[in-house]
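Undergrad: The structure follows.
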Amino acid sequence: MSATAINQDMLLAVVEAMPGDKLAEARRAAAFRFAELGFPTVGQEDWKYTNLSVAAELGNEWLDAYVANGGQESDSRTGNLIAAVQNRIDAYWIILRDGFVDSNLPDVDGIRVSRIAEQGHRPLEGADAMSVFNTALLRDGLYVRAEPGAVPDKPIGILIIDNPENAMSQTRVMIDSGENSHLRIVECCLSSEAGRQFTNSIFEADLADGATLDHVRIQNRDEAHVSVNKLSAKLRRDSNFNHNSFDLGGALTRNDVNAEITGEGASVNLNGLYLAAGDQHIDNHTSIVHGVGPSTSEEEYRGILSGRSRCVFNGKVIVSPGADGTDSRQSNHNLLLSDRAEIDTKPELEIYADDVKCAHGATVGQLDETALFYLRTRGLGLDHARRIITRAFAAGTLSTLAVAECHDYLADVLDQRLANLIDAKQ
Amino acid sequence: MLEVKNLKASIGGKEILTGLNLSVKAGEVHAIMGPNGSGKSTLAQVIAGHADYEVTSGAVEFLGKDLLDLDPEERAREGIFLGFQYPVEIPGVNNAYLLKAAVNAKRKHHGMDEIDAFEFLKLAREKMTMLGMDPVFLNRGVNEGFSGGEKKRNEILQMAMLEPSLAILDETDSGLDIDALKAVANGVNSLRDPERAIVLVTHYQRLLDYIEPDYVHVLSGGQIIRSGDKSLALELEDRGYEWVVEAASA
Ligand SMILES: Nc1ncnc2c1ncn2[C@@H]1O[C@H](COP(=O)(O)OP(=O)(O)OP(=O)(O)O)[C@@H](O)[C@H]1O
Ligand SMILES: [Mg+2]
C-alpha cells in the first residue's frame, strides 16, 4: 500500500530545531518513539475505515514549512468568529490558536488555569501513535486544575481555532478534577478560514474521588479540515464524567473517546451527534473500561448522514474480571437521508465478570414516509416536514446536554447545519 | 364541493377502488359505511394525496380544482382535512409546534399573516376545553405515547384549529369511550356550516346519533353500491351488509 507516511527524518530535524523549553526532552523522546510507530494504517483493525494519508500529507507540508521559516504565525483576523461564540455561551473563555494559548487566562475561584510547559502538571500520557506524535511536536497547551470541592459558577470555555495557513496543529488540554469538584467545560472547535488543515488533539482528564466533569465539544470546522481527536478520562471512586460531542464540520474527523473506571460508584455518560453531508467522513471509536463495580455507563450516539458521507461508530465496553455490579447501556441510531451515504456501526462487548447488566442496540433507518405524509396532510411542505423530523431525531441529544449554557447556541448551529443537509440530500 | 368520478386506484398492482362516484356539496354531512377492506380508508388516503396509491383512471375535483394534480400539502392548504384511522406518532415533534405550523401554512397560502402567538394559545386552549383535552397535550410529542382515544381527540383538535372546508374523518369514532365520543361529535358539529362539508367513515350507527348525516353510502368492493338517507344506517345496523351487496350484484 502506498499510503503517505510522516517523513521521520524531517520530524526529527524539526524537533531538534525547536526551542529548548521545558518540553524539549519529552518531545525528543517522543519523536524517537514515533519513528518506530508511524501513523496508524487501514491495516489496523481500529483504523480500517479511516485513512490518515491526508493527515500525513498535511503533516509533511507543515514540517517542510517549519524547516523553511521556523513555524508558527498567528492570525488575528478572527474577531467576529470569536465574538459569535463568546456572546452566545456564557463561560470563562480561553482561546487556543493552532494549539497555542492566545488569550489571558481566566481567574476563577478554586480553579488553576495554566499553560502546559509553564507550570507543574502531571506527565504527558498516551502511548498510542497519535498521542506520541502530539507530544513530539508539543509546544504549548492548556492545563486546568479544579481544587477539591471547587464548583465554578460558569463553565470554562475553550475556543479552539485552527488556521489553515498552518498545515498542521497539535492541541492538548489536560484536566485535573480534584475531589468533589464540579468542573464544566465547553470546547468549540472552529476554523479561522476555509482550507485544508490537520489537527491532532488530545484531551486528558483525571477525576479524583467524587469529582464531576461535564464536557461538551462542538466541532464545526471548515469542510476541508482533517482531525484526529483523542479524549481520555480516568475515573476514581464516585466520580462522574458526562460528555457530549457534536460533529458538524470537517472533511475527516476521527474521535477516540476512552473512559476508564478505576473506582467504585463511578459513572460515565457519552453522548454524540454527528451530521455528515457531501463527502464527509466521521469516525467515532469509543471505549469504556469498567475496571471495578458497581459502576455505570450510558452511551448514545446518533448520526444523520446525507450525500456520499461515510460514518463509523465503534463502541467498545470492557468489563474487567471482578467488576460485578456493572450496568452499561449503549445505543447508536442512524438516519440515512441519501442512499449513497454509508454507516458502519459495531458494538464490541468484552465481559469478564458475572454479575453484569450490559445492553446495546444499533439502528439504521430512513425518514419515516408515513410521518412525512401525515405532516404534509397538515399543510407542511415536504422540506419542512423532512426538516422537523430530522431535527427531532437530532434534538434527542440536546436533552442530555451536559452544559446547559451552550444549548441555544447549539440549537442554532444545528438548525443551520440540518437545513444544509436537507437541501443537499443527494 | 367534492366530485369523485369513476375513480380507480390501486396499490402494489392491486386495484382497490374500482370506479367510485361520490358527490359532496357544501353544507352536507355524508357517512360512508362498508365492510372491512372494502376501500374506505383507501378513498380517504387518495383524496388526501398519498403517493403509494396509483390513480389509474377517473377524476377528483375539489371546489372546481383538479385535486389529483396537487401535492398533499397543497390539498391541505386548499381546505381538505383527513382525520386518520391510525394517527401517526412523531416522537420529538412538539404538538403545539405542529398545530401552529399547520395553521400558518394555511394562512400563508391564503395571503394572511402568521397567527399571533398569544392568539394561537388562546384558540388552542379554547378548542381543547371543548374537546375535554388537558392543555398539557400541547407540549407532548405529536401523538407520542397517546392512548387510542387521545390520538383521535388530537385529530379533532387539529381539525378544529384548521377549520377545513372538507373534513374526512376515517373511523374517528372507533376506540372512543362514551364521553370522548360526545366530545368528538361536539367538535365536528361545531364545524358544521353551510360553507363546509363533512365525510364520516364509520362502522357504527352510534356516531350518527350525535352527528346526523344527510346521506349514507355503502362502499363495497371499491365502489359505492348504495346511497340513502340516515335510515339506511339503521337498516345496516339491523341487517348487515350482505343484502346490499347481493342486491347490487343482482
Ligand atoms: N400496500 C398494500 N398492498 C396490497 N393491498 C393493500 C395495501 N394497502 C391496503 N391494501 C388492501 O386494500 C384493501 C382496502 O383497504 P382499506 O384500508 O381501504 O379498507 P377499509 O375499507 O378502510 O377497511 P377497514 O374498515 O378495516 O378500515 C384491503 O383489502 C387492504 O388489504
Ligand atoms: Mg379503514
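Chains: A, B, ... in order of the C-alpha cells. Residues: from 1 per chain. Ligands: from 1, in order shown.
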Give me the residues within 6 Å of range 392-402 of chain A as a list in words, counting only C-alpha atoms and dropping any in the same chain fewer than 3 places off.
TA: Asp214, Ile388 and Ile389 of chain A; Gly92 and Val93 of chain B
Undergrad: Go ahead and write the residues just picked, N, CA, C and O atoms, as a CSV table (one decimal), in the first residue's frame.
TA:
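Output file selection.csv follows:
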chain,number,residue,atom,x,y,z
A,214,ASP,N,-18.2,17.8,33.4
A,214,ASP,CA,-19.2,17.8,32.3
A,214,ASP,C,-18.4,18.4,31.1
A,214,ASP,O,-17.8,19.5,31.3
A,388,ILE,N,-38.3,19.0,10.2
A,388,ILE,CA,-38.6,18.8,11.6
A,388,ILE,C,-38.5,17.4,12.1
A,388,ILE,O,-38.2,17.2,13.3
A,389,ILE,N,-38.7,16.4,11.2
A,389,ILE,CA,-38.5,15.0,11.7
A,389,ILE,C,-37.0,14.8,11.9
A,389,ILE,O,-36.6,14.2,12.9
B,92,GLY,N,-40.8,13.5,19.4
B,92,GLY,CA,-39.9,14.7,19.4
B,92,GLY,C,-40.4,15.9,18.7
B,92,GLY,O,-39.8,17.0,18.8
B,93,VAL,N,-41.5,15.8,17.9
B,93,VAL,CA,-42.0,16.9,17.2
B,93,VAL,C,-43.2,17.4,18.1
B,93,VAL,O,-44.2,16.7,18.3
Undergrad: Which residues are close to Tyr352 in chain A, i.e. within 8 Å by only C-alpha atoms, leaving aside same-chain residues fewer than 3 positions away? Reply as a list in words.
TA: Ile318, Val319, Ser320, Pro321 and Gly322 of chain A
Undergrad: Please produce a file of the residues just selected, as a PDB file, in the first residue's frame, where the atoms kept are N, CA and C atoms.
TA:
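Output file part-v1.pdb follows:
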ATOM      1  N   ILE A 318     -15.656  -2.773  28.023  1.00  0.00           N
ATOM      2  CA  ILE A 318     -14.901  -3.870  28.627  1.00  0.00           C
ATOM      3  C   ILE A 318     -15.237  -3.933  30.118  1.00  0.00           C
ATOM      4  N   VAL A 319     -15.700  -5.077  30.556  1.00  0.00           N
ATOM      5  CA  VAL A 319     -15.972  -5.259  31.984  1.00  0.00           C
ATOM      6  C   VAL A 319     -14.905  -6.202  32.531  1.00  0.00           C
ATOM      7  N   SER A 320     -14.046  -5.659  33.373  1.00  0.00           N
ATOM      8  CA  SER A 320     -12.897  -6.427  33.861  1.00  0.00           C
ATOM      9  C   SER A 320     -13.320  -7.514  34.845  1.00  0.00           C
ATOM     10  N   PRO A 321     -12.468  -8.508  35.025  1.00  0.00           N
ATOM     11  CA  PRO A 321     -12.780  -9.550  35.997  1.00  0.00           C
ATOM     12  C   PRO A 321     -13.051  -8.920  37.370  1.00  0.00           C
ATOM     13  N   GLY A 322     -14.120  -9.338  37.990  1.00  0.00           N
ATOM     14  CA  GLY A 322     -14.437  -8.844  39.332  1.00  0.00           C
ATOM     15  C   GLY A 322     -15.240  -7.552  39.348  1.00  0.00           C
TER      16      GLY A 322
END
Undergrad: Do me a favour and pick out the residues of chain B within 10 Å of chain A, using only C-alpha atoms, as a VMD selection string.
TA: chain B and resid 45 48 to 51 71 to 84 87 to 94 97 to 99 101 to 106 109 141 158 to 159 162
Undergrad: If you run DSSP on the backbone, which residues of range 81-291 of chain A are helix (DSSP H, G or I), as an MDAnalysis selection string?
TA: chainID A and resid 81:86 129:136
Undergrad: Quick one: everything within 12 Å of range 410-413 of chain A, counting only C-alpha atoms, minus sequence neighbours fewer than 6 positions away in the same chain. Send it as an mmCIF file with all heavy atoms, in the first residue's frame.
TA:
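Written output follows (out_10.cif):
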data_model
loop_
_atom_site.group_PDB
_atom_site.id
_atom_site.type_symbol
_atom_site.label_atom_id
_atom_site.label_comp_id
_atom_site.auth_asym_id
_atom_site.auth_seq_id
_atom_site.Cartn_x
_atom_site.Cartn_y
_atom_site.Cartn_z
ATOM 1 N N ALA A 84 -18.867 35.690 17.949
ATOM 2 C CA ALA A 84 -20.083 34.934 17.629
ATOM 3 C C ALA A 84 -20.318 33.804 18.625
ATOM 4 O O ALA A 84 -21.450 33.445 18.923
ATOM 5 C CB ALA A 84 -20.003 34.375 16.215
ATOM 6 N N VAL A 85 -19.232 33.249 19.143
ATOM 7 C CA VAL A 85 -19.373 32.170 20.123
ATOM 8 C C VAL A 85 -19.481 32.743 21.538
ATOM 9 O O VAL A 85 -20.379 32.391 22.308
ATOM 10 C CB VAL A 85 -18.183 31.191 20.035
ATOM 11 C CG1 VAL A 85 -18.294 30.126 21.105
ATOM 12 C CG2 VAL A 85 -18.125 30.555 18.652
ATOM 13 N N ARG A 88 -22.660 34.156 22.766
ATOM 14 C CA ARG A 88 -23.794 33.236 22.884
ATOM 15 C C ARG A 88 -23.681 32.269 24.054
ATOM 16 O O ARG A 88 -24.680 31.755 24.552
ATOM 17 C CB ARG A 88 -23.943 32.410 21.578
ATOM 18 C CG ARG A 88 -24.299 33.215 20.339
ATOM 19 C CD ARG A 88 -25.672 33.873 20.436
ATOM 20 N NE ARG A 88 -26.745 32.968 20.796
ATOM 21 C CZ ARG A 88 -27.362 32.166 19.945
ATOM 22 N NH1 ARG A 88 -27.000 32.144 18.669
ATOM 23 N NH2 ARG A 88 -28.350 31.375 20.333
ATOM 24 N N ILE A 89 -22.461 31.962 24.453
ATOM 25 C CA ILE A 89 -22.280 30.988 25.535
ATOM 26 C C ILE A 89 -21.571 31.681 26.700
ATOM 27 O O ILE A 89 -20.442 32.145 26.557
ATOM 28 C CB ILE A 89 -21.453 29.769 25.061
ATOM 29 C CG1 ILE A 89 -22.111 29.122 23.835
ATOM 30 C CG2 ILE A 89 -21.297 28.756 26.191
ATOM 31 C CD1 ILE A 89 -21.297 27.998 23.209
ATOM 32 N N VAL A 186 -16.722 23.639 27.981
ATOM 33 C CA VAL A 186 -17.242 23.653 26.610
ATOM 34 C C VAL A 186 -16.082 23.893 25.681
ATOM 35 O O VAL A 186 -15.329 24.849 25.857
ATOM 36 C CB VAL A 186 -18.212 24.834 26.366
ATOM 37 C CG1 VAL A 186 -18.858 24.703 24.996
ATOM 38 C CG2 VAL A 186 -19.233 24.935 27.444
ATOM 39 N N GLU A 187 -15.923 23.048 24.704
ATOM 40 C CA GLU A 187 -14.907 23.277 23.687
ATOM 41 C C GLU A 187 -15.611 23.565 22.367
ATOM 42 O O GLU A 187 -16.493 22.807 21.964
ATOM 43 C CB GLU A 187 -14.054 22.027 23.480
ATOM 44 C CG GLU A 187 -13.033 21.752 24.551
ATOM 45 C CD GLU A 187 -12.188 20.533 24.179
ATOM 46 O OE1 GLU A 187 -12.755 19.433 24.051
ATOM 47 O OE2 GLU A 187 -10.988 20.692 23.993
ATOM 48 N N CYS A 188 -15.233 24.661 21.728
ATOM 49 C CA CYS A 188 -15.757 24.968 20.403
ATOM 50 C C CYS A 188 -14.606 24.915 19.433
ATOM 51 O O CYS A 188 -13.635 25.653 19.584
ATOM 52 C CB CYS A 188 -16.338 26.378 20.362
ATOM 53 S SG CYS A 188 -18.033 26.423 20.823
ATOM 54 N N VAL A 216 -18.585 19.356 26.929
ATOM 55 C CA VAL A 216 -19.285 19.407 25.644
ATOM 56 C C VAL A 216 -18.301 19.860 24.579
ATOM 57 O O VAL A 216 -17.596 20.858 24.768
ATOM 58 C CB VAL A 216 -20.471 20.397 25.685
ATOM 59 C CG1 VAL A 216 -21.119 20.526 24.303
ATOM 60 C CG2 VAL A 216 -21.502 19.960 26.709
ATOM 61 N N ARG A 217 -18.225 19.135 23.494
ATOM 62 C CA ARG A 217 -17.367 19.565 22.394
ATOM 63 C C ARG A 217 -18.221 19.791 21.150
ATOM 64 O O ARG A 217 -18.960 18.915 20.721
ATOM 65 C CB ARG A 217 -16.295 18.523 22.097
ATOM 66 C CG ARG A 217 -15.438 18.924 20.879
ATOM 67 C CD ARG A 217 -14.359 17.914 20.597
ATOM 68 N NE ARG A 217 -13.327 17.944 21.635
ATOM 69 C CZ ARG A 217 -12.484 16.935 21.840
ATOM 70 N NH1 ARG A 217 -12.557 15.833 21.125
ATOM 71 N NH2 ARG A 217 -11.562 17.031 22.782
ATOM 72 N N ILE A 218 -18.095 20.993 20.625
ATOM 73 C CA ILE A 218 -18.830 21.339 19.411
ATOM 74 C C ILE A 218 -17.805 21.530 18.302
ATOM 75 O O ILE A 218 -17.008 22.461 18.341
ATOM 76 C CB ILE A 218 -19.638 22.648 19.606
ATOM 77 C CG1 ILE A 218 -20.545 22.524 20.842
ATOM 78 C CG2 ILE A 218 -20.451 22.968 18.355
ATOM 79 C CD1 ILE A 218 -21.137 23.841 21.305
ATOM 80 N N GLN A 219 -17.805 20.651 17.343
ATOM 81 C CA GLN A 219 -16.832 20.724 16.260
ATOM 82 C C GLN A 219 -17.558 21.177 15.002
ATOM 83 O O GLN A 219 -18.425 20.478 14.485
ATOM 84 C CB GLN A 219 -16.186 19.354 16.067
ATOM 85 C CG GLN A 219 -15.073 19.306 15.034
ATOM 86 C CD GLN A 219 -15.588 19.094 13.618
ATOM 87 O OE1 GLN A 219 -15.537 19.975 12.766
ATOM 88 N NE2 GLN A 219 -16.112 17.907 13.363
ATOM 89 N N ASN A 220 -17.228 22.369 14.536
ATOM 90 C CA ASN A 220 -17.918 22.919 13.369
ATOM 91 C C ASN A 220 -16.886 23.566 12.459
ATOM 92 O O ASN A 220 -16.977 24.720 12.088
ATOM 93 C CB ASN A 220 -18.965 23.942 13.843
ATOM 94 C CG ASN A 220 -20.001 24.234 12.778
ATOM 95 O OD1 ASN A 220 -20.028 23.572 11.738
ATOM 96 N ND2 ASN A 220 -20.839 25.225 13.015
ATOM 97 N N ARG A 221 -15.886 22.759 12.086
ATOM 98 C CA ARG A 221 -14.761 23.305 11.338
ATOM 99 C C ARG A 221 -15.042 23.359 9.844
ATOM 100 O O ARG A 221 -16.050 22.864 9.363
ATOM 101 C CB ARG A 221 -13.525 22.441 11.586
ATOM 102 C CG ARG A 221 -12.959 22.579 12.986
ATOM 103 C CD ARG A 221 -11.736 21.704 13.088
ATOM 104 N NE ARG A 221 -10.934 22.013 14.256
ATOM 105 C CZ ARG A 221 -10.699 21.124 15.221
ATOM 106 N NH1 ARG A 221 -11.215 19.919 15.160
ATOM 107 N NH2 ARG A 221 -9.932 21.464 16.237
ATOM 108 N N ASN A 244 -20.622 15.239 25.831
ATOM 109 C CA ASN A 244 -21.408 15.339 24.602
ATOM 110 C C ASN A 244 -20.484 15.775 23.474
ATOM 111 O O ASN A 244 -19.723 16.734 23.640
ATOM 112 C CB ASN A 244 -22.470 16.455 24.675
ATOM 113 C CG ASN A 244 -23.572 16.157 25.647
ATOM 114 O OD1 ASN A 244 -23.423 16.376 26.840
ATOM 115 N ND2 ASN A 244 -24.686 15.673 25.145
ATOM 116 N N SER A 245 -20.576 15.127 22.353
ATOM 117 C CA SER A 245 -19.825 15.643 21.213
ATOM 118 C C SER A 245 -20.790 15.931 20.076
ATOM 119 O O SER A 245 -21.784 15.219 19.886
ATOM 120 C CB SER A 245 -18.761 14.643 20.770
ATOM 121 O OG SER A 245 -19.361 13.543 20.125
ATOM 122 N N PHE A 246 -20.508 17.012 19.385
ATOM 123 C CA PHE A 246 -21.308 17.377 18.221
ATOM 124 C C PHE A 246 -20.350 17.580 17.065
ATOM 125 O O PHE A 246 -19.560 18.524 17.074
ATOM 126 C CB PHE A 246 -22.096 18.669 18.488
ATOM 127 C CG PHE A 246 -23.108 18.505 19.577
ATOM 128 C CD1 PHE A 246 -22.747 18.702 20.901
ATOM 129 C CD2 PHE A 246 -24.408 18.123 19.280
ATOM 130 C CE1 PHE A 246 -23.675 18.519 21.921
ATOM 131 C CE2 PHE A 246 -25.339 17.948 20.295
ATOM 132 C CZ PHE A 246 -24.976 18.144 21.616
ATOM 133 N N ASP A 247 -20.388 16.678 16.115
ATOM 134 C CA ASP A 247 -19.512 16.819 14.962
ATOM 135 C C ASP A 247 -20.328 17.276 13.776
ATOM 136 O O ASP A 247 -21.157 16.529 13.249
ATOM 137 C CB ASP A 247 -18.801 15.491 14.675
ATOM 138 C CG ASP A 247 -17.573 15.336 15.542
ATOM 139 O OD1 ASP A 247 -16.651 16.158 15.365
ATOM 140 O OD2 ASP A 247 -17.552 14.458 16.421
ATOM 141 N N LEU A 248 -20.108 18.523 13.394
ATOM 142 C CA LEU A 248 -20.902 19.102 12.313
ATOM 143 C C LEU A 248 -20.064 19.361 11.070
ATOM 144 O O LEU A 248 -20.553 19.316 9.960
ATOM 145 C CB LEU A 248 -21.532 20.427 12.778
ATOM 146 C CG LEU A 248 -22.243 20.385 14.136
ATOM 147 C CD1 LEU A 248 -22.774 21.748 14.506
ATOM 148 C CD2 LEU A 248 -23.373 19.372 14.117
ATOM 149 N N GLY A 249 -18.798 19.680 11.263
ATOM 150 C CA GLY A 249 -17.970 20.063 10.120
ATOM 151 C C GLY A 249 -16.833 19.090 9.875
ATOM 152 O O GLY A 249 -16.830 17.973 10.381
ATOM 153 N N LEU A 273 -23.408 13.280 18.614
ATOM 154 C CA LEU A 273 -24.233 13.510 17.434
ATOM 155 C C LEU A 273 -23.291 13.843 16.290
ATOM 156 O O LEU A 273 -22.404 14.685 16.439
ATOM 157 C CB LEU A 273 -25.199 14.672 17.674
ATOM 158 C CG LEU A 273 -26.074 15.061 16.467
ATOM 159 C CD1 LEU A 273 -27.082 13.961 16.152
ATOM 160 C CD2 LEU A 273 -26.801 16.374 16.728
ATOM 161 N N LEU A 275 -23.308 14.863 12.137
ATOM 162 C CA LEU A 275 -24.073 15.217 10.952
ATOM 163 C C LEU A 275 -23.098 15.248 9.791
ATOM 164 O O LEU A 275 -22.162 16.039 9.802
ATOM 165 C CB LEU A 275 -24.717 16.596 11.090
ATOM 166 C CG LEU A 275 -25.608 16.868 12.297
ATOM 167 C CD1 LEU A 275 -26.286 18.220 12.139
ATOM 168 C CD2 LEU A 275 -26.654 15.785 12.438
ATOM 169 N N ARG A 391 -34.801 17.052 12.641
ATOM 170 C CA ARG A 391 -34.401 17.833 13.798
ATOM 171 C C ARG A 391 -34.802 17.135 15.097
ATOM 172 O O ARG A 391 -34.035 17.111 16.056
ATOM 173 C CB ARG A 391 -35.030 19.222 13.737
ATOM 174 C CG ARG A 391 -34.416 20.130 14.754
ATOM 175 C CD ARG A 391 -35.083 21.472 14.867
ATOM 176 N NE ARG A 391 -34.295 22.327 15.733
ATOM 177 C CZ ARG A 391 -34.201 22.163 17.047
ATOM 178 N NH1 ARG A 391 -34.857 21.193 17.647
ATOM 179 N NH2 ARG A 391 -33.447 22.952 17.767
ATOM 180 N N ALA A 392 -36.008 16.552 15.082
ATOM 181 C CA ALA A 392 -36.468 15.850 16.283
ATOM 182 C C ALA A 392 -35.514 14.704 16.612
ATOM 183 O O ALA A 392 -35.203 14.446 17.770
ATOM 184 C CB ALA A 392 -37.887 15.325 16.077
ATOM 185 N N ALA A 394 -32.319 14.610 15.860
ATOM 186 C CA ALA A 394 -31.077 15.194 16.377
ATOM 187 C C ALA A 394 -31.272 15.764 17.777
ATOM 188 O O ALA A 394 -30.388 15.673 18.626
ATOM 189 C CB ALA A 394 -30.572 16.287 15.432
ATOM 190 N N ALA A 395 -32.434 16.336 18.004
ATOM 191 C CA ALA A 395 -32.666 17.051 19.266
ATOM 192 C C ALA A 395 -32.661 16.113 20.463
ATOM 193 O O ALA A 395 -32.451 16.548 21.594
ATOM 194 C CB ALA A 395 -33.980 17.814 19.211
ATOM 195 N N GLY A 396 -32.848 14.839 20.213
ATOM 196 C CA GLY A 396 -32.754 13.866 21.289
ATOM 197 C C GLY A 396 -31.456 14.025 22.061
ATOM 198 O O GLY A 396 -31.422 13.844 23.278
ATOM 199 N N THR A 397 -30.386 14.407 21.357
ATOM 200 C CA THR A 397 -29.094 14.518 22.029
ATOM 201 C C THR A 397 -28.960 15.829 22.800
ATOM 202 O O THR A 397 -28.079 15.966 23.629
ATOM 203 C CB THR A 397 -27.929 14.430 21.014
ATOM 204 O OG1 THR A 397 -28.120 15.441 20.035
ATOM 205 C CG2 THR A 397 -27.887 13.082 20.337
ATOM 206 N N LEU A 398 -29.836 16.804 22.500
ATOM 207 C CA LEU A 398 -29.786 18.062 23.257
ATOM 208 C C LEU A 398 -30.403 17.895 24.645
ATOM 209 O O LEU A 398 -30.104 18.649 25.560
ATOM 210 C CB LEU A 398 -30.534 19.169 22.516
ATOM 211 C CG LEU A 398 -29.854 19.772 21.297
ATOM 212 C CD1 LEU A 398 -30.733 20.848 20.684
ATOM 213 C CD2 LEU A 398 -28.511 20.359 21.675
ATOM 214 N N SER A 399 -31.285 16.906 24.771
ATOM 215 C CA SER A 399 -31.965 16.734 26.051
ATOM 216 C C SER A 399 -31.025 16.163 27.108
ATOM 217 O O SER A 399 -31.345 16.161 28.284
ATOM 218 C CB SER A 399 -33.191 15.833 25.879
ATOM 219 O OG SER A 399 -32.784 14.561 25.444
ATOM 220 N N LEU A 401 -27.814 17.287 27.341
ATOM 221 C CA LEU A 401 -26.677 18.189 27.259
ATOM 222 C C LEU A 401 -26.023 18.402 28.632
ATOM 223 O O LEU A 401 -26.676 18.800 29.585
ATOM 224 C CB LEU A 401 -27.157 19.529 26.694
ATOM 225 C CG LEU A 401 -26.112 20.462 26.116
ATOM 226 C CD1 LEU A 401 -25.337 19.765 25.001
ATOM 227 C CD2 LEU A 401 -26.796 21.705 25.575
ATOM 228 N N VAL A 403 -23.717 20.623 29.514
ATOM 229 C CA VAL A 403 -23.504 22.023 29.888
ATOM 230 C C VAL A 403 -24.641 22.856 29.290
ATOM 231 O O VAL A 403 -24.666 23.127 28.092
ATOM 232 C CB VAL A 403 -22.137 22.545 29.379
ATOM 233 C CG1 VAL A 403 -21.940 24.005 29.759
ATOM 234 C CG2 VAL A 403 -21.002 21.686 29.931
ATOM 235 N N ALA A 404 -25.573 23.232 30.144
ATOM 236 C CA ALA A 404 -26.801 23.869 29.659
ATOM 237 C C ALA A 404 -26.536 25.197 28.955
ATOM 238 O O ALA A 404 -27.266 25.582 28.047
ATOM 239 C CB ALA A 404 -27.762 24.089 30.825
ATOM 240 N N ALA A 419 -30.468 22.333 7.883
ATOM 241 C CA ALA A 419 -31.065 22.921 6.687
ATOM 242 C C ALA A 419 -30.172 22.622 5.482
ATOM 243 O O ALA A 419 -30.654 22.244 4.415
ATOM 244 C CB ALA A 419 -31.255 24.421 6.871
ATOM 245 N N ASN A 420 -28.842 22.749 5.656
ATOM 246 C CA ASN A 420 -27.911 22.421 4.566
ATOM 247 C C ASN A 420 -28.003 20.963 4.163
ATOM 248 O O ASN A 420 -28.016 20.622 2.994
ATOM 249 C CB ASN A 420 -26.454 22.679 4.985
ATOM 250 C CG ASN A 420 -26.181 24.149 5.163
ATOM 251 O OD1 ASN A 420 -26.954 24.977 4.682
ATOM 252 N ND2 ASN A 420 -25.116 24.471 5.864
#
Undergrad: Using Å and a single decimal, report how far CA of Asn21 in chain B sits from CA of Asn6 in chain B.
TA: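 CA of Asn6 in chain B sits 5.3 Å away from CA of Asn21 in chain B.
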Undergrad: Among range 213-341 of chain A, which residues carry a DSSP assignment of strand (DSSP E), reported as JSON, numbers by chain?
TA: {"A": [213, 214, 215, 216, 217, 218, 219, 225, 226, 227, 228, 229, 230, 231, 232, 233, 234, 235, 240, 241, 242, 243, 244, 245, 246, 247, 252, 253, 254, 255, 256, 257, 258, 259, 260, 261, 267, 268, 269, 270, 271, 272, 273, 274, 275, 276, 281, 282, 283, 284, 285, 286, 287, 288, 289, 290, 295, 296, 297, 298, 299, 300, 301, 302, 303, 304, 305, 310, 311, 312, 313, 314, 315, 316, 317, 318, 319, 326, 327, 328, 329, 330, 331, 332, 333, 334, 335, 336]}
Undergrad: Mind listing the residues within 9 Å of ligand 1, only C-alpha atoms and all ligand atoms counted, as a PyMOL selection string?
TA: chain B and resi 10-17+33-45+52-53+85+170-171+201-203+219-222
Undergrad: Would you mind telling me which residue in B:Asp173, B:Glu246, B:Glu195, B:Glu155 lies nearest to Asn95 in chain B when using only C-alpha atoms?
TA: B:Glu155
Undergrad: Determine, counting only C-alpha atoms, which protein, DNA and RNA residues have an atom within 12 Å of an atom of Asp134 in chain B; residues of the same chain fewer than 5 positions away are not included. Present the result as a list in words.
TA: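 Those residues are Ala124, Arg125, Glu126, Lys127, Met128, Thr129, Asn139, Arg140, Glu150, Arg153, Asn154 and Leu157 of chain B.
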Undergrad: Can I get the selection written as a short mmCIF file (atom, residue, chain, number, x, y, z; two decimals), in the first residue's frame, with N, CA, C and O atoms?
TA:
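Writing the result to result15.cif gives the following:
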data_model
loop_
_atom_site.label_atom_id
_atom_site.label_comp_id
_atom_site.auth_asym_id
_atom_site.auth_seq_id
_atom_site.Cartn_x
_atom_site.Cartn_y
_atom_site.Cartn_z
N ALA B 124 -56.14 27.52 20.86
CA ALA B 124 -55.87 26.11 21.11
C ALA B 124 -56.50 25.68 22.43
O ALA B 124 -57.14 24.62 22.52
N ARG B 125 -56.36 26.51 23.46
CA ARG B 125 -56.92 26.18 24.77
C ARG B 125 -58.43 26.06 24.69
O ARG B 125 -59.04 25.16 25.26
N GLU B 126 -59.02 26.99 23.96
CA GLU B 126 -60.47 27.01 23.79
C GLU B 126 -60.96 25.71 23.15
O GLU B 126 -61.89 25.06 23.64
N LYS B 127 -60.28 25.32 22.08
CA LYS B 127 -60.68 24.09 21.36
C LYS B 127 -60.46 22.87 22.25
O LYS B 127 -61.23 21.92 22.23
N MET B 128 -59.39 22.90 23.03
CA MET B 128 -59.09 21.75 23.89
C MET B 128 -60.13 21.62 24.98
O MET B 128 -60.51 20.50 25.34
N THR B 129 -60.59 22.74 25.49
CA THR B 129 -61.64 22.69 26.51
C THR B 129 -62.89 22.05 25.91
O THR B 129 -63.51 21.17 26.51
N ASN B 139 -47.81 20.23 24.84
CA ASN B 139 -46.36 20.15 24.97
C ASN B 139 -45.80 18.76 24.77
O ASN B 139 -44.60 18.53 24.92
N ARG B 140 -46.67 17.83 24.43
CA ARG B 140 -46.16 16.47 24.18
C ARG B 140 -45.74 16.34 22.72
O ARG B 140 -46.07 17.18 21.88
N GLU B 150 -57.00 9.29 22.87
CA GLU B 150 -56.32 10.60 22.90
C GLU B 150 -55.85 11.00 21.50
O GLU B 150 -55.92 12.16 21.11
N ARG B 153 -58.87 12.30 19.61
CA ARG B 153 -59.20 13.67 20.04
C ARG B 153 -58.21 14.66 19.46
O ARG B 153 -58.56 15.78 19.09
N ASN B 154 -56.96 14.24 19.38
CA ASN B 154 -55.93 15.13 18.84
C ASN B 154 -56.18 15.42 17.36
O ASN B 154 -55.93 16.53 16.89
N LEU B 157 -58.76 17.98 17.35
CA LEU B 157 -58.18 19.27 17.73
C LEU B 157 -57.55 19.94 16.51
O LEU B 157 -57.74 21.13 16.25
#
